[in-house]
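Note: the block below is model18.txt and it holds compact mmCIF, C-alpha atoms.
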```
# COMPACT_ATOMS: atom_id res chain seq x y z
CA SER A 8 54.07 -15.12 -40.24
CA ALA A 9 57.06 -17.44 -40.03
CA ASP A 10 56.62 -18.11 -43.76
CA ARG A 11 57.82 -14.51 -44.38
CA THR A 12 54.52 -13.37 -45.87
CA ILE A 13 51.76 -10.94 -44.88
CA LYS A 14 48.22 -12.05 -45.71
CA ILE A 15 45.19 -9.78 -45.95
CA TRP A 16 41.79 -11.40 -45.40
CA ASP A 17 38.18 -10.43 -46.03
CA LEU A 18 36.66 -10.51 -42.54
CA ALA A 19 33.10 -11.00 -43.82
CA SER A 20 33.79 -14.01 -46.03
CA GLY A 21 37.01 -15.30 -44.48
CA GLN A 22 38.58 -15.38 -47.93
CA LEU A 23 42.23 -14.54 -48.59
CA ARG A 24 42.41 -11.24 -50.50
CA LEU A 25 46.13 -10.63 -50.88
CA THR A 26 49.55 -11.99 -49.99
CA LEU A 27 52.43 -9.51 -49.60
CA THR A 28 55.98 -10.76 -49.97
CA GLY A 29 59.21 -8.90 -49.28
CA HIS A 30 60.51 -9.99 -45.89
CA ILE A 31 63.26 -12.62 -45.88
CA HIS A 32 62.65 -13.79 -42.32
CA THR A 33 59.76 -14.13 -39.84
CA VAL A 34 57.34 -11.18 -39.78
CA ARG A 35 56.84 -10.18 -36.14
CA GLY A 36 54.83 -6.96 -36.10
CA LEU A 37 52.12 -5.15 -38.12
CA ALA A 38 50.44 -1.75 -37.85
CA VAL A 39 47.73 -0.30 -40.11
CA SER A 40 47.39 3.48 -40.42
CA PRO A 41 43.86 4.83 -39.84
CA ASN A 42 44.72 8.02 -41.77
CA HIS A 43 46.70 6.74 -44.76
CA PRO A 44 46.52 3.67 -47.03
CA TYR A 45 49.66 2.33 -45.34
CA LEU A 46 50.54 -0.93 -43.67
CA PHE A 47 53.78 -1.16 -41.66
CA SER A 48 55.59 -4.42 -41.04
CA ALA A 49 58.58 -5.44 -38.93
CA GLY A 50 60.56 -8.65 -39.05
CA GLU A 51 63.47 -10.69 -37.79
CA ASP A 52 65.38 -9.68 -40.93
CA LYS A 53 65.89 -6.20 -39.29
CA LYS A 54 63.54 -4.74 -41.89
CA VAL A 55 60.79 -2.22 -41.20
CA MET A 56 58.71 -1.52 -44.29
CA CYS A 57 55.81 0.70 -45.33
CA TRP A 58 53.37 -0.88 -47.78
CA ASP A 59 51.05 1.19 -49.98
CA LEU A 60 47.79 -0.79 -49.86
CA GLU A 61 46.46 0.94 -52.98
CA GLN A 62 49.42 -0.24 -55.06
CA ASN A 63 50.22 -3.34 -52.94
CA LYS A 64 53.94 -2.65 -52.86
CA VAL A 65 56.65 -1.37 -50.53
CA THR A 66 57.13 2.39 -50.73
CA ARG A 67 59.58 3.02 -47.84
CA HIS A 68 62.23 1.16 -45.87
CA TYR A 69 63.25 2.17 -42.34
CA HIS A 70 66.89 1.26 -41.72
CA GLY A 71 68.62 1.45 -38.35
CA HIS A 72 67.93 -1.53 -36.11
CA LEU A 73 70.90 -3.83 -35.58
CA SER A 74 68.89 -6.98 -34.96
CA GLY A 75 65.42 -8.48 -35.46
CA VAL A 76 62.47 -6.12 -35.01
CA TYR A 77 59.68 -7.48 -32.81
CA ALA A 78 56.86 -4.92 -32.87
CA CYS A 79 55.71 -1.68 -34.44
CA ALA A 80 53.08 0.86 -33.40
CA LEU A 81 51.82 4.13 -34.86
CA HIS A 82 51.56 7.29 -32.78
CA PRO A 83 47.84 8.13 -32.33
CA THR A 84 48.11 11.78 -33.42
CA LEU A 85 51.50 12.31 -35.10
CA ASP A 86 52.95 10.82 -38.28
CA LEU A 87 55.41 8.75 -36.28
CA LEU A 88 56.13 5.03 -36.19
CA VAL A 89 57.72 3.35 -33.17
CA THR A 90 59.53 0.00 -33.42
CA ASP A 91 61.35 -2.21 -30.92
CA SER A 92 64.05 -4.78 -31.40
CA ARG A 93 66.33 -7.49 -30.13
CA ASP A 94 69.08 -4.84 -30.14
CA SER A 95 67.59 -3.57 -26.81
CA THR A 96 66.31 -0.30 -28.28
CA ALA A 97 63.11 1.26 -29.54
CA ARG A 98 63.22 3.71 -32.44
CA VAL A 99 60.92 6.56 -33.43
CA TRP A 100 60.56 7.17 -37.17
CA ASP A 101 59.06 9.90 -39.34
CA ILE A 102 56.77 7.77 -41.52
CA ARG A 103 56.99 10.14 -44.52
CA THR A 104 60.77 10.65 -44.72
CA ALA A 105 61.73 7.23 -43.23
CA ARG A 106 64.20 9.12 -41.03
CA SER A 107 65.01 7.87 -37.53
CA VAL A 108 63.89 10.72 -35.28
CA MET A 109 65.03 9.20 -32.00
CA THR A 110 66.55 6.07 -30.46
CA LEU A 111 65.17 5.07 -27.05
CA ALA A 112 68.00 3.23 -25.30
CA GLY A 113 68.22 1.87 -21.76
CA HIS A 114 66.81 -1.66 -21.74
CA GLN A 115 69.32 -4.46 -21.12
CA GLY A 116 67.53 -7.10 -23.17
CA THR A 117 65.26 -7.66 -26.16
CA VAL A 118 62.44 -5.11 -26.32
CA GLY A 119 59.42 -7.12 -27.42
CA ALA A 120 56.39 -5.22 -26.08
CA LEU A 121 55.31 -1.78 -27.25
CA ALA A 122 52.43 0.71 -27.01
CA THR A 123 51.93 4.39 -27.83
CA ASN A 124 49.84 7.19 -26.30
CA ALA A 125 48.71 10.58 -27.54
CA ILE A 126 50.03 12.20 -24.33
CA ASP A 127 52.96 11.39 -22.05
CA PRO A 128 54.11 8.73 -21.63
CA GLN A 129 53.86 8.65 -25.43
CA VAL A 130 55.80 5.38 -25.63
CA VAL A 131 55.69 2.39 -23.25
CA THR A 132 58.03 -0.57 -23.74
CA GLY A 133 58.49 -3.95 -22.09
CA SER A 134 61.64 -6.03 -22.27
CA MET A 135 63.12 -9.45 -21.67
CA ASP A 136 65.16 -7.74 -18.93
CA SER A 137 61.92 -7.87 -16.82
CA THR A 138 61.43 -4.09 -16.83
CA VAL A 139 58.82 -1.75 -18.27
CA ARG A 140 59.83 1.77 -19.28
CA LEU A 141 57.64 4.85 -19.74
CA TRP A 142 59.31 7.27 -22.17
CA ASP A 143 59.28 11.04 -22.46
CA ARG A 144 59.31 11.30 -26.25
CA ALA A 145 60.36 14.96 -26.31
CA ALA A 146 63.36 14.32 -24.05
CA GLY A 147 64.14 10.94 -25.56
CA LYS A 148 64.63 9.25 -22.21
CA ALA A 149 62.73 7.04 -19.79
CA SER A 150 60.72 9.00 -17.22
CA VAL A 151 59.88 5.88 -15.17
CA THR A 152 61.31 2.35 -15.01
CA LEU A 153 59.05 -0.32 -13.52
CA THR A 154 60.75 -3.35 -11.98
CA HIS A 155 57.82 -5.29 -10.48
CA HIS A 156 57.99 -8.15 -13.00
CA LYS A 157 60.42 -10.90 -12.01
CA LYS A 158 60.57 -12.48 -15.46
CA ALA A 159 60.56 -11.33 -19.09
CA VAL A 160 57.80 -8.92 -20.16
CA ARG A 161 56.24 -10.33 -23.32
CA ASP A 162 53.37 -7.99 -24.20
CA LEU A 163 51.47 -4.91 -23.05
CA CYS A 164 48.40 -2.95 -24.10
CA VAL A 165 46.81 0.39 -23.22
CA SER A 166 43.17 0.77 -22.19
CA GLN A 167 40.81 2.54 -24.58
CA THR A 168 38.58 3.86 -21.80
CA GLU A 169 40.88 4.80 -18.92
CA PHE A 170 44.45 6.08 -18.62
CA SER A 171 46.06 2.79 -17.62
CA PHE A 172 47.80 -0.19 -19.18
CA VAL A 173 48.51 -3.86 -18.50
CA THR A 174 51.67 -5.89 -18.97
CA ALA A 175 52.12 -9.63 -19.33
CA GLY A 176 55.13 -11.73 -18.53
CA ALA A 177 56.28 -15.20 -17.72
CA ASP A 178 55.19 -14.54 -14.11
CA ASN A 179 51.77 -12.81 -14.25
CA ILE A 180 49.64 -9.94 -15.59
CA LYS A 181 49.94 -6.53 -13.94
CA LYS A 182 47.87 -3.36 -14.26
CA TRP A 183 49.42 0.11 -13.99
CA GLN A 184 48.43 3.76 -13.95
CA CYS A 185 49.68 5.28 -17.17
CA ARG A 186 50.92 8.73 -16.17
CA ASP A 187 53.50 7.81 -13.54
CA GLY A 188 53.48 4.01 -13.59
CA VAL A 189 51.80 3.47 -10.23
CA PHE A 190 51.14 -0.26 -9.72
CA LEU A 191 47.41 -0.98 -9.38
CA LYS A 192 46.89 -4.75 -9.19
CA ASN A 193 47.88 -8.25 -10.24
CA LEU A 194 45.51 -10.25 -12.44
CA ALA A 195 45.95 -13.77 -11.12
CA GLY A 196 44.58 -16.94 -12.66
CA HIS A 197 46.23 -17.45 -16.02
CA ASN A 198 48.42 -20.41 -15.15
CA ALA A 199 50.75 -20.14 -18.13
CA ILE A 200 53.35 -17.85 -19.65
CA VAL A 201 51.25 -15.02 -21.13
CA ASN A 202 52.45 -14.00 -24.60
CA ALA A 203 49.63 -11.77 -25.86
CA LEU A 204 47.20 -9.13 -24.55
CA ALA A 205 44.33 -7.13 -26.05
CA VAL A 206 41.59 -4.96 -24.54
CA ASN A 207 38.46 -3.68 -26.28
CA GLU A 208 36.12 -0.71 -25.78
CA ASP A 209 33.82 -2.83 -23.58
CA ASN A 210 36.63 -3.25 -21.01
CA VAL A 211 37.15 -6.91 -21.82
CA LEU A 212 40.79 -7.89 -21.53
CA MET A 213 41.99 -11.01 -23.35
CA SER A 214 45.22 -12.83 -22.56
CA GLY A 215 46.79 -15.67 -24.51
CA GLY A 216 49.08 -18.25 -22.90
CA ASP A 217 51.76 -20.51 -24.29
CA ASP A 218 49.66 -23.54 -23.35
CA GLY A 219 47.03 -22.54 -25.90
CA SER A 220 44.65 -21.04 -23.34
CA ILE A 221 42.79 -17.73 -23.66
CA CYS A 222 41.44 -15.92 -20.60
CA PHE A 223 38.81 -13.17 -20.56
CA TRP A 224 38.93 -10.56 -17.78
CA ASP A 225 36.87 -7.62 -16.58
CA TYR A 226 39.48 -4.91 -17.13
CA LYS A 227 38.26 -2.66 -14.32
CA THR A 228 37.98 -5.26 -11.55
CA GLY A 229 40.53 -7.83 -12.71
CA TYR A 230 37.96 -10.65 -12.46
CA LYS A 231 38.50 -13.59 -14.82
CA PHE A 232 35.06 -14.60 -16.07
CA GLN A 233 35.93 -17.11 -18.80
CA GLN A 234 38.74 -19.36 -20.01
CA ILE A 235 39.04 -21.28 -23.27
CA ASP A 236 41.51 -24.13 -23.55
CA THR A 237 42.87 -25.59 -26.75
CA ILE A 238 41.60 -29.06 -27.55
CA VAL A 239 44.42 -31.57 -27.27
CA GLN A 240 45.49 -32.69 -30.73
CA PRO A 241 45.47 -36.44 -31.46
CA GLY A 242 48.98 -37.86 -31.52
CA SER A 243 50.49 -35.11 -29.39
CA LEU A 244 52.42 -35.69 -26.14
CA ASP A 245 49.59 -34.06 -24.18
CA CYS A 246 47.17 -36.54 -25.73
CA GLU A 247 49.29 -39.44 -24.53
```
What's the structure tokens form of this structure?
Amino acid sequence: SADRTIKIWDLASGQLRLTLTGHIHTVRGLAVSPNHPYLFSAGEDKKVMCWDLEQNKVTRHYHGHLSGVYACALHPTLDLLVTDSRDSTARVWDIRTARSVMTLAGHQGTVGALATNAIDPQVVTGSMDSTVRLWDRAAGKASVTLTHHKKAVRDLCVSQTEFSFVTAGADNIKKWQCRDGVFLKNLAGHNAIVNALAVNEDNVLMSGGDDGSICFWDYKTGYKFQQIDTIVQPGSLDCE
């Protein structure tokens, strides 16, 4: 959150369980390990931290980024953490030693979108330079650079049921084949800058726009079957 805290909630009751403090600027990214009692956080203060959820305290710091860190993601099968930053790089970390294993350099702008795969491309990044890069983690370099977006790429997510991914930008939503980055289709109909994407196991893709709208798509066909718009708040300019 922008208040520099991380809050943990009970999903059943909706009650706040815990507030973690330690960042000194906006917290941008979170990742929870499915194999360890660890929570990873990244913030605009350049900090990447590992929290032990059994002791509710920071156990490791990951130092190396030169500017604010925007996202973090765990590798699905290896004990690796990947982070991206305003310094135009993504970094791969050994979560146990907190050592920077690799720096993925090549973007010309802030890297704000990130996803990981168990097989190549093991890392996919999107940047404010309007490009998407598919990375060969072993070689430490981009295997494919996608230039179809005309404006900044703000988020991306990988499908849980097929080997593909989608990217969102200030222009539109695009779907790609994962292995070699073949362009598949545009998802048209979200008439706003799309800042967030998520897809579930039922092949429902959700996109969130900067106008407060949320669109629901059939991931396979690209059909938009529902849209929810934020209710205009009394006293706002939109209300007038």
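CA of His70 in chain A is found 15.7 Å from CA of Ser95 in chain A.
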Please, what distance in Å, to one decimal, runs between CA of Val99 in chain A and CA of His114 in chain A?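 CA of His114 in chain A lies 15.5 Å from CA of Val99 in chain A.
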Please report as a Markdown table every residue of range 115-149 of chain A lying within 9 Å of range 187-191 of chain A, along with the nearest atom pair and their distance in Å (one decimal), using all atoms listed in the file.
```
| residue | atom | partner | partner_atom | distance |
| --- | --- | --- | --- | --- |
| A:Pro128 | CA | A:Asp187 | CA | 8.2 |
| A:Arg140 | CA | A:Gly188 | CA | 8.8 |
| A:Leu141 | CA | A:Gly188 | CA | 7.5 |
```
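Take the candidates A:Thr110, A:Ser150, A:Gln234, A:Ser166 and check each one against Asp127 in chain A using only C-alpha atoms; the shortest distance goes to A:Ser150.
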Can you tell me, as number ranges by chain, what residues are no more than 8 Å from range 31-41 of chain A when counting only C-alpha atoms, ignoring any on the same chain fewer than 6 positions away? A: 8-13, 47-52, 76-81
All residues 8 Å or closer to range 145-149 of chain A, all atoms listed in the file, same chain fewer than 2 positions away omitted, as a list in words: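 Those residues are Met109, Thr110, Leu111, Ala112, Gly113, Arg140, Leu141, Trp142, Asp143, Val151 and Thr152 of chain A.
Residues in contact with Cys57 in chain A at up to 7 Å, not including ones fewer than 3 positions away on its chain and judged by only C-alpha atoms, are A:Tyr45, A:Leu46, A:Phe47, A:Ser48, A:Val65, A:Thr66, A:Arg67, A:His68.
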Extract, using all atoms listed in the file, all DNA, RNA and protein residues at most 9 Å from range 219-231 of chain A, discarding same-chain residues fewer than 4 positions from it, and format them as a ChimeraX atom specification. /A:166,182,192-197,199,206,209-215,235-238
Find the residues around Ala122 in chain A up to 9 Å (all atoms listed in the file counted), leave out those fewer than 5 positions away in its own chain, and share them as a list of chain:residue names. A:Cys79, A:Ala80, A:Leu81, A:His82, A:Val89, A:Gln129, A:Val130, A:Val131, A:Thr132, A:Leu163, A:Cys164, A:Val165
So which one's closest to Leu60 in chain A, A:Gln167, A:Thr123, A:Ser74, A:Thr26? Using all atoms listed in the file, please. A:Thr26
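CA of His155 in chain A lies 21.5 Å from CA of Arg93 in chain A.
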Pick from A:Leu204, A:Val239, A:Val108, A:Val173, whichever lies nearest to Asp218 in chain A using all atoms listed in the file: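 Result for the nearest residue to Asp218 in chain A: A:Val239.
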For Asp178 in chain A, which residue out of A:Val118, A:Ala205, A:Gly216, A:Arg103 is the nearest one, using all atoms listed in the file?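 Looking at the shortest contact to Asp178 in chain A, the residue is A:Gly216.
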Residue rebuild result range 151-174 of chain A, N, CA, C and O atoms as a short mmCIF file (atom, residue, chain, number, x, y, z; two decimals), in the frame of the given file:
```cif
data_model
loop_
_atom_site.label_atom_id
_atom_site.label_comp_id
_atom_site.auth_asym_id
_atom_site.auth_seq_id
_atom_site.Cartn_x
_atom_site.Cartn_y
_atom_site.Cartn_z
N VAL A 151 60.11 6.84 -16.25
CA VAL A 151 59.88 5.88 -15.17
C VAL A 151 60.33 4.51 -15.64
O VAL A 151 60.11 4.13 -16.78
N THR A 152 60.97 3.75 -14.74
CA THR A 152 61.31 2.35 -15.01
C THR A 152 60.64 1.49 -13.96
O THR A 152 60.83 1.69 -12.76
N LEU A 153 59.82 0.54 -14.42
CA LEU A 153 59.05 -0.32 -13.52
C LEU A 153 59.73 -1.68 -13.42
O LEU A 153 60.01 -2.31 -14.44
N THR A 154 59.97 -2.12 -12.20
CA THR A 154 60.75 -3.35 -11.98
C THR A 154 59.97 -4.42 -11.22
O THR A 154 60.55 -5.32 -10.63
N HIS A 155 58.63 -4.34 -11.24
CA HIS A 155 57.82 -5.29 -10.48
C HIS A 155 57.84 -6.70 -11.05
O HIS A 155 57.72 -7.68 -10.31
N HIS A 156 57.94 -6.81 -12.39
CA HIS A 156 57.99 -8.15 -13.00
C HIS A 156 59.30 -8.83 -12.62
O HIS A 156 60.36 -8.19 -12.57
N LYS A 157 59.23 -10.13 -12.35
CA LYS A 157 60.42 -10.90 -12.01
C LYS A 157 60.96 -11.70 -13.19
O LYS A 157 62.04 -12.26 -13.12
N LYS A 158 60.16 -11.77 -14.26
CA LYS A 158 60.57 -12.48 -15.46
C LYS A 158 60.27 -11.61 -16.68
O LYS A 158 59.71 -10.52 -16.57
N ALA A 159 60.65 -12.10 -17.85
CA ALA A 159 60.56 -11.33 -19.09
C ALA A 159 59.15 -10.79 -19.34
O ALA A 159 58.16 -11.50 -19.15
N VAL A 160 59.07 -9.53 -19.77
CA VAL A 160 57.80 -8.92 -20.16
C VAL A 160 57.58 -9.19 -21.64
O VAL A 160 58.40 -8.82 -22.48
N ARG A 161 56.46 -9.83 -21.96
CA ARG A 161 56.24 -10.33 -23.32
C ARG A 161 55.24 -9.52 -24.13
O ARG A 161 55.27 -9.54 -25.36
N ASP A 162 54.32 -8.81 -23.46
CA ASP A 162 53.37 -7.99 -24.20
C ASP A 162 52.77 -6.96 -23.26
O ASP A 162 52.84 -7.10 -22.02
N LEU A 163 52.18 -5.91 -23.83
CA LEU A 163 51.47 -4.91 -23.05
C LEU A 163 50.43 -4.26 -23.95
O LEU A 163 50.54 -4.28 -25.17
N CYS A 164 49.41 -3.68 -23.33
CA CYS A 164 48.40 -2.95 -24.10
C CYS A 164 47.81 -1.85 -23.23
O CYS A 164 47.77 -1.96 -22.00
N VAL A 165 47.35 -0.79 -23.90
CA VAL A 165 46.81 0.39 -23.22
C VAL A 165 45.30 0.36 -23.31
O VAL A 165 44.72 0.01 -24.35
N SER A 166 44.63 0.73 -22.22
CA SER A 166 43.17 0.77 -22.19
C SER A 166 42.63 1.84 -23.12
O SER A 166 43.23 2.89 -23.30
N GLN A 167 41.47 1.56 -23.72
CA GLN A 167 40.81 2.54 -24.58
C GLN A 167 39.85 3.43 -23.82
O GLN A 167 39.33 4.40 -24.38
N THR A 168 39.58 3.12 -22.56
CA THR A 168 38.58 3.86 -21.80
C THR A 168 39.12 4.55 -20.56
O THR A 168 38.46 5.42 -20.00
N GLU A 169 40.28 4.15 -20.09
CA GLU A 169 40.88 4.80 -18.92
C GLU A 169 42.39 4.90 -19.13
O GLU A 169 42.96 4.18 -19.93
N PHE A 170 43.03 5.82 -18.39
CA PHE A 170 44.45 6.08 -18.62
C PHE A 170 45.29 5.10 -17.81
O PHE A 170 45.89 5.43 -16.79
N SER A 171 45.30 3.84 -18.29
CA SER A 171 46.06 2.79 -17.62
C SER A 171 46.50 1.79 -18.67
O SER A 171 46.07 1.83 -19.83
N PHE A 172 47.35 0.85 -18.26
CA PHE A 172 47.80 -0.19 -19.18
C PHE A 172 48.09 -1.46 -18.40
O PHE A 172 48.23 -1.44 -17.17
N VAL A 173 48.18 -2.57 -19.12
CA VAL A 173 48.51 -3.86 -18.50
C VAL A 173 49.73 -4.45 -19.20
O VAL A 173 49.96 -4.21 -20.39
N THR A 174 50.50 -5.21 -18.43
CA THR A 174 51.67 -5.89 -18.97
C THR A 174 51.58 -7.37 -18.65
O THR A 174 50.99 -7.77 -17.64
#
```
